[in-house]
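Following: one structure in structure tokens, then a few remarks.
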Amino acid sequence: MGSFDPDGRSVPVAGTVLLDAAVTTRCRRRVHLEHDPVAGGAVGATGVEGAGQIVLPEPDPGVEMRVADAAEHRAQLAARFAVELGAAYRRVPDGRRAERVEATSALMADPAVRAIGAAELPPGDGRRGHAELLVRAGGDDAGWYPLIVVRHRVSDPGAGALTSPLDRPHPSAATVDPDRRVRAVSRDVLRLAHLHRMLAAAGLGASRAWGGVVGLDADCVVWTDLAAGPGQEAGRSALDTYDRRFADRLAVATAARAGGPALAEPSRITECRRCPWWPVCESELRRADDVSLVVRGEDALRLRGRGITTVRMLATLDPRQGLPEPADTDDEHAGGELSADLREAVALARAWRADVPLVRRVHRPDVPRGAVEVDVDMESLGEDGAYLWGVLLSGADVGLEHGYRGFATWDPVPTRDEARSFAAFWAWLTDVRRRAAERGLSFRSYCYNEQAENRWLRGSVERFAGEPGIPAAEEVEAFIASDAWIDLFPAVSTSFLCPRGKGLKRVAPSAGFGWRDPEAGGENSMRWYRRAVGLDGDAPEPAMRDRLLIYNEDDVRATHALRTWMTSDAVLAVPHLDDLRPDPEGAGEPLSEAACAGPRPSG
């Protein structure tokens with residue numbers, strides 16, 4: 001059992017570590033830093049609650065917004081459960097953690113209580129955690145099933161999910177759903193496994209390892225058999241996967257708390273992009289010139305296993321001679337070839353050291369062009385809705401004014417007014433295509449990374465089917481599949497190596513484009529939107545609406561600038577990967593600040 005301070009906060013005890021379920025999907029080095037008592041002395045870190053509980057001083061506004069939205073979603077579901085379940089439902093009052101644990105235990109002992117909201121489970125065996133709902137197994141089974149509430153979708157259209165209605169949140173009420181299939185989210189399944197293990201350790205677990213999730217749509221409970229395979233790792237059940245990961249993270253945290261040798265060293269991975277500890281790890285990686293700065297994941301491990309530990313060492317390799325033999329044949333990471341092409345990995349390392357933002361992989365990039373062209377960018381608020389479709393018309397004259405226009409709703413999403421703004425966007429785009437066809441002109445439209453646009457093209461049609469101006473799903477699918485809809489992101493990936501990352505704001509400056517707003521970015525735009533529509537209860541701010549329109553306009557102009565540059569002779573000034581040479585004479589010089597701006601996904 002853990003101990004608590006007078007305010008109910010967990011207090012680390014010598015030799016004792018309590019972890020929540022999040023560690024099972026978290027970087028091992030982050031787990032180390034969060035439990036290392038001296039990590040707070042690292043550059044950019046500030047100590048807060050408890051030993052080892054360190055955060056960076058500037059919270060991400062996007063993360064703050066999502067946390068607040070998730071809390072509101074949980075509160076709404078708690079109110080619904082109270083209504084749906086009546087006297088059988090009791091909610092644990094707010095209070096200190098120790099008080100919530102005690103209150104939860106008392107409610108479990110009351111035979112009249114069948115469901116417990118905001119349950120705080122007894123800590124132990126290195127675990128702590130809470131469930132949005134516990135439901136009594138019933139019958140001869142004295143245990144409880146955990147249920148969590150999340151603010152993302154947990155099912156997709158299809159069939160096969162096991163679901164129960166919200167007024168019967170119990171696996172015994174679950175049936176095979178003909179309209180939903182499971183959207184497996186690793187962190188949800190592993191959190192349920194964590195709660196199941198906590199219940200079992202306290203003698204409160206149900207005989208079967210079931211767990212339930214209520215997602216963003218909040219229309220049913222999706223149930224998962226945690227003991228059934230395969231789980232998140234091939235050949236293993238969710239419980240098996242959880243047990244392996246939790247044991248590893250517990251060992252990492254325990255070693256860190258005790259001040260022993262670190263069981264996890266820094267290495268750049270995808271998670272670094274949004275990790276609050278990135279400035280701390282980046283500082284260490286830069287000092288070491290670590291090879292993971294340009295080659296990620298398993299490839300970085302394979303290179304280290306062959307003695308290539310720094311960017312400099314990788315940059316000086318001759319790709320024609322291949323990789324050196326492993327220094328330690330017993331090293332499990334030393335064998336195997338790189339998933340990346342060695343020639344390109346070496347070029348990335350050379351570009352990184354030379355502060356070259358782009359490297360051509362091909363002689364001349366290929367981007368299909370049209371006589372009439374439209375650049376498109378969509379702005380959304382998480383899963384709530386798409387509030388703005390921005391377009392930029394250029395090319396031959398089709399009788400419409402060239403330039404930018406935005407189709408927006410300023411009613412807080414989700415709202416039926418989205419149907420109006422989307423219908424207006426679709427009608428305009430269809431009109432441009434029709435006018436081009438009538439004149440015998442080719443038409444192309446462009447976006448940058450179509451995943452978001454396609455998600456809301458399809459989602460808008462699905463949500464607003466039958467509303468005035470909303471096209472049929474088949475019409476939208478035909479457009480997405482046509483050669484008139486071009487995603488520029490694959491063209492960039494095919495044409496360039498990108499040491500600084502492939503995001504539009506990383507790549508477009510090489511084409512000479514700059515955003516007018518120095519704070520332009522997806523996370524900030526969500527904060528601006530909340531202020532623009534008064535989502536947090538304040539009066540709407542028209543200035544924030546103008547700021548969003550400028551941001552959206554710059555995004556479509558950036559796409560236009562990038563693709564026109566890629567199809568011009570100016571792009572030939574970008575060095576080809578075979579043009580880069582190692583720099584042994586400059587290898588000892590420190591990297592510039594520009595070269596080390598991070599995090600930097602490899603190309």
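Labels used: A, B, ... for chains in the order of the structure tokens, numbers from 1 for residues in each chain, and numbers from 1 for ligands as shown.
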message = Taking only region 126-237 of chain A into account, list the residues labelled strand (DSSP E or B) by DSSP (computed from the backbone), as a PyMOL selection string.
response = chain A and resi 127+130-138+141-149+155-157+162-164+175-176+180-182+205+210-214+221-225
Residues from last step as file, C-alpha atoms, as a compact mmCIF listing (two decimals), in the first residue's frame:
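For reference, selection-v1.txt as written:
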# COMPACT_ATOMS: atom_id res chain seq x y z
CA ARG A 127 -0.20 0.10 -8.97
CA HIS A 130 -9.35 4.65 -10.75
CA ALA A 131 -12.31 3.59 -12.84
CA GLU A 132 -15.12 5.80 -14.07
CA LEU A 133 -17.46 2.95 -13.18
CA LEU A 134 -17.30 -0.40 -11.42
CA VAL A 135 -20.18 -2.84 -11.93
CA ARG A 136 -20.81 -5.81 -9.66
CA ALA A 137 -20.40 -9.14 -11.41
CA GLY A 138 -23.41 -10.64 -9.60
CA ASP A 141 -19.26 -14.02 -8.48
CA ALA A 142 -18.48 -11.46 -5.78
CA GLY A 143 -16.12 -9.46 -7.98
CA TRP A 144 -16.39 -6.27 -10.01
CA TYR A 145 -15.86 -5.32 -13.65
CA PRO A 146 -14.03 -2.08 -14.53
CA LEU A 147 -15.51 0.38 -17.02
CA ILE A 148 -13.75 3.50 -18.31
CA VAL A 149 -15.02 6.60 -20.13
CA SER A 155 -16.05 1.68 -32.49
CA ASP A 156 -16.41 2.10 -36.24
CA PRO A 157 -19.22 1.22 -38.65
CA LEU A 162 -19.77 -6.81 -28.11
CA THR A 163 -21.90 -3.94 -26.80
CA SER A 164 -24.47 -3.29 -24.11
CA THR A 175 -24.60 -8.83 -27.60
CA VAL A 176 -22.83 -8.97 -30.92
CA ARG A 180 -20.32 -1.61 -34.88
CA ARG A 181 -16.87 -3.12 -34.98
CA VAL A 182 -14.25 -2.51 -32.30
CA GLY A 205 -11.83 -9.05 -9.24
CA TRP A 210 -13.97 -8.37 -18.85
CA GLY A 211 -13.65 -4.61 -19.18
CA GLY A 212 -15.88 -1.99 -20.75
CA VAL A 213 -15.32 1.32 -22.54
CA VAL A 214 -17.71 4.17 -23.29
CA VAL A 221 -20.57 0.17 -23.72
CA VAL A 222 -18.00 -1.76 -25.78
CA TRP A 223 -16.81 -4.86 -23.89
CA THR A 224 -13.46 -6.61 -24.22
CA ASP A 225 -12.37 -10.02 -22.95
request  = Determine, counting only C-alpha atoms, which protein, DNA and RNA residues have an atom within 7 Å of an atom of region 487-498 of chain A; residues of the same chain fewer than 4 positions away are not included. Present the result as a PyMOL selection string.
outcome  = chain A and resi 348+357-362+365+367+446-450+502+602-603
Atoms kept (N, CA and C atoms) for selection, written as a PDB file, in the first residue's frame:
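The resulting file, again35.pdb, is shown below:
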ATOM      1  N   LEU A 348      20.785  11.520 -44.581  1.00  0.00           N
ATOM      2  CA  LEU A 348      20.103  12.245 -43.512  1.00  0.00           C
ATOM      3  C   LEU A 348      21.099  12.739 -42.470  1.00  0.00           C
ATOM      4  N   PRO A 357      17.894  21.612 -44.701  1.00  0.00           N
ATOM      5  CA  PRO A 357      16.530  21.237 -44.322  1.00  0.00           C
ATOM      6  C   PRO A 357      15.884  20.209 -45.225  1.00  0.00           C
ATOM      7  N   LEU A 358      16.277  20.153 -46.506  1.00  0.00           N
ATOM      8  CA  LEU A 358      15.710  19.192 -47.453  1.00  0.00           C
ATOM      9  C   LEU A 358      16.817  18.630 -48.318  1.00  0.00           C
ATOM     10  N   VAL A 359      16.647  17.370 -48.701  1.00  0.00           N
ATOM     11  CA  VAL A 359      17.573  16.715 -49.619  1.00  0.00           C
ATOM     12  C   VAL A 359      16.740  16.012 -50.681  1.00  0.00           C
ATOM     13  N   ARG A 360      17.078  16.246 -51.942  1.00  0.00           N
ATOM     14  CA  ARG A 360      16.316  15.588 -53.006  1.00  0.00           C
ATOM     15  C   ARG A 360      16.657  14.102 -53.078  1.00  0.00           C
ATOM     16  N   ARG A 361      15.616  13.286 -53.165  1.00  0.00           N
ATOM     17  CA  ARG A 361      15.791  11.859 -53.407  1.00  0.00           C
ATOM     18  C   ARG A 361      15.735  11.552 -54.900  1.00  0.00           C
ATOM     19  N   VAL A 362      15.151  12.452 -55.662  1.00  0.00           N
ATOM     20  CA  VAL A 362      14.955  12.262 -57.103  1.00  0.00           C
ATOM     21  C   VAL A 362      15.563  13.459 -57.829  1.00  0.00           C
ATOM     22  N   PRO A 365      11.187  16.520 -58.667  1.00  0.00           N
ATOM     23  CA  PRO A 365       9.911  16.063 -58.099  1.00  0.00           C
ATOM     24  C   PRO A 365       8.793  16.085 -59.132  1.00  0.00           C
ATOM     25  N   VAL A 367       4.731  16.462 -59.425  1.00  0.00           N
ATOM     26  CA  VAL A 367       3.431  16.805 -58.844  1.00  0.00           C
ATOM     27  C   VAL A 367       2.473  17.062 -60.000  1.00  0.00           C
ATOM     28  N   TYR A 446      -5.719  20.174 -54.223  1.00  0.00           N
ATOM     29  CA  TYR A 446      -4.584  19.710 -53.417  1.00  0.00           C
ATOM     30  C   TYR A 446      -4.845  19.931 -51.928  1.00  0.00           C
ATOM     31  N   CYS A 447      -4.304  19.018 -51.142  1.00  0.00           N
ATOM     32  CA  CYS A 447      -4.256  19.212 -49.695  1.00  0.00           C
ATOM     33  C   CYS A 447      -2.906  18.696 -49.224  1.00  0.00           C
ATOM     34  N   TYR A 448      -2.606  18.901 -47.946  1.00  0.00           N
ATOM     35  CA  TYR A 448      -1.351  18.392 -47.397  1.00  0.00           C
ATOM     36  C   TYR A 448      -1.672  17.400 -46.292  1.00  0.00           C
ATOM     37  N   ASN A 449      -1.459  16.144 -46.597  1.00  0.00           N
ATOM     38  CA  ASN A 449      -1.787  15.018 -45.716  1.00  0.00           C
ATOM     39  C   ASN A 449      -3.304  14.868 -45.631  1.00  0.00           C
ATOM     40  N   GLU A 450      -3.849  14.097 -46.536  1.00  0.00           N
ATOM     41  CA  GLU A 450      -5.285  14.012 -46.762  1.00  0.00           C
ATOM     42  C   GLU A 450      -6.067  13.326 -45.655  1.00  0.00           C
ATOM     43  N   LYS A 502       8.553  16.339 -41.901  1.00  0.00           N
ATOM     44  CA  LYS A 502       7.802  16.504 -43.143  1.00  0.00           C
ATOM     45  C   LYS A 502       6.550  17.346 -42.982  1.00  0.00           C
ATOM     46  N   SER A 602      12.619  11.577 -38.660  1.00  0.00           N
ATOM     47  CA  SER A 602      13.486  11.292 -39.793  1.00  0.00           C
ATOM     48  C   SER A 602      12.690  11.314 -41.076  1.00  0.00           C
ATOM     49  N   GLY A 603      13.401  11.429 -42.201  1.00  0.00           N
ATOM     50  CA  GLY A 603      12.736  11.584 -43.480  1.00  0.00           C
ATOM     51  C   GLY A 603      12.121  10.322 -43.985  1.00  0.00           C
TER      52      GLY A 603
END
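Restricting the calculation to only C-alpha atoms, the smallest distance between Cys220 (chain A) and any of A:Ala561, A:Leu457, A:Ala173, A:Ala247 is found for A:Ala173.
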inquiry  = Would you pick out the contacts of Val398 (chain A) at 8 Å or less, using only C-alpha atoms, so that residues sharing its chain but fewer than 5 positions from it are not included, and give the list as a PyMOL selection string?
reply    = chain A and resi 372+432+435-436+439
Could those residues be written to a file, using all heavy atoms, as a compact mmCIF listing (two decimals), in the first residue's frame?
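Generated output (out10.txt):
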# COMPACT_ATOMS: atom_id res chain seq x y z
N VAL A 372 -6.75 24.40 -64.03
CA VAL A 372 -7.48 25.05 -62.95
C VAL A 372 -7.13 24.30 -61.66
O VAL A 372 -7.22 23.07 -61.61
CB VAL A 372 -9.00 25.00 -63.19
CG1 VAL A 372 -9.75 25.67 -62.05
CG2 VAL A 372 -9.35 25.64 -64.52
N VAL A 432 -16.63 24.87 -59.47
CA VAL A 432 -15.33 25.07 -60.12
C VAL A 432 -15.01 23.91 -61.04
O VAL A 432 -14.56 24.10 -62.19
CB VAL A 432 -14.21 25.24 -59.06
CG1 VAL A 432 -12.85 25.30 -59.73
CG2 VAL A 432 -14.44 26.50 -58.23
N ARG A 435 -17.20 24.17 -64.18
CA ARG A 435 -16.76 25.24 -65.07
C ARG A 435 -15.49 24.84 -65.83
O ARG A 435 -15.33 25.15 -67.01
CB ARG A 435 -16.51 26.52 -64.27
CG ARG A 435 -17.79 27.19 -63.77
CD ARG A 435 -17.47 28.29 -62.75
NE ARG A 435 -18.66 28.96 -62.26
CZ ARG A 435 -19.09 30.14 -62.70
NH1 ARG A 435 -18.41 30.79 -63.66
NH2 ARG A 435 -20.17 30.69 -62.20
N ALA A 436 -14.58 24.17 -65.15
CA ALA A 436 -13.36 23.73 -65.82
C ALA A 436 -13.69 22.70 -66.90
O ALA A 436 -13.16 22.78 -68.03
CB ALA A 436 -12.40 23.12 -64.80
N ARG A 439 -15.12 24.14 -70.08
CA ARG A 439 -14.14 24.85 -70.89
C ARG A 439 -13.05 23.93 -71.44
O ARG A 439 -12.09 24.39 -72.05
CB ARG A 439 -13.52 25.98 -70.07
CG ARG A 439 -14.49 27.13 -69.79
CD ARG A 439 -13.99 28.00 -68.64
NE ARG A 439 -14.80 29.20 -68.46
CZ ARG A 439 -15.98 29.23 -67.84
NH1 ARG A 439 -16.50 28.09 -67.37
NH2 ARG A 439 -16.65 30.36 -67.73
key: All residues 12 Å or closer to region 63-69 of chain A, only C-alpha atoms, same chain fewer than 6 positions away omitted, as number ranges by chain   = A: 75-76, 150-152, 216, 274-276, 381-384, 522-531, 535-536
request  = Go through A:Val295, A:Leu33, A:Leu400, A:Asp411 and flag the residue nearest Arg434 (chain A), using only C-alpha atoms for the distances.
outcome  = A:Leu400
inquiry  = Residues near Arg187 (chain A), anyone? I mean within 9 Å using only C-alpha atoms, not counting same-chain ones fewer than 6 positions away, as JSON, numbers by chain.
reply    = {"A": [21, 22, 24, 25]}
inquiry  = Quick check for you: according to DSSP on this backbone, which residues of region 54-271 of chain A are classed as alpha helix (DSSP H)? Reply as a ChimeraX atom specification.
reply    = /A:61-85,97-108,186-201,238-258
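Nearest to Ala193 (chain A) of all the residues A:Asn454, A:Ser292, A:Thr241, A:Ser172 is A:Thr241, based on only C-alpha atoms.
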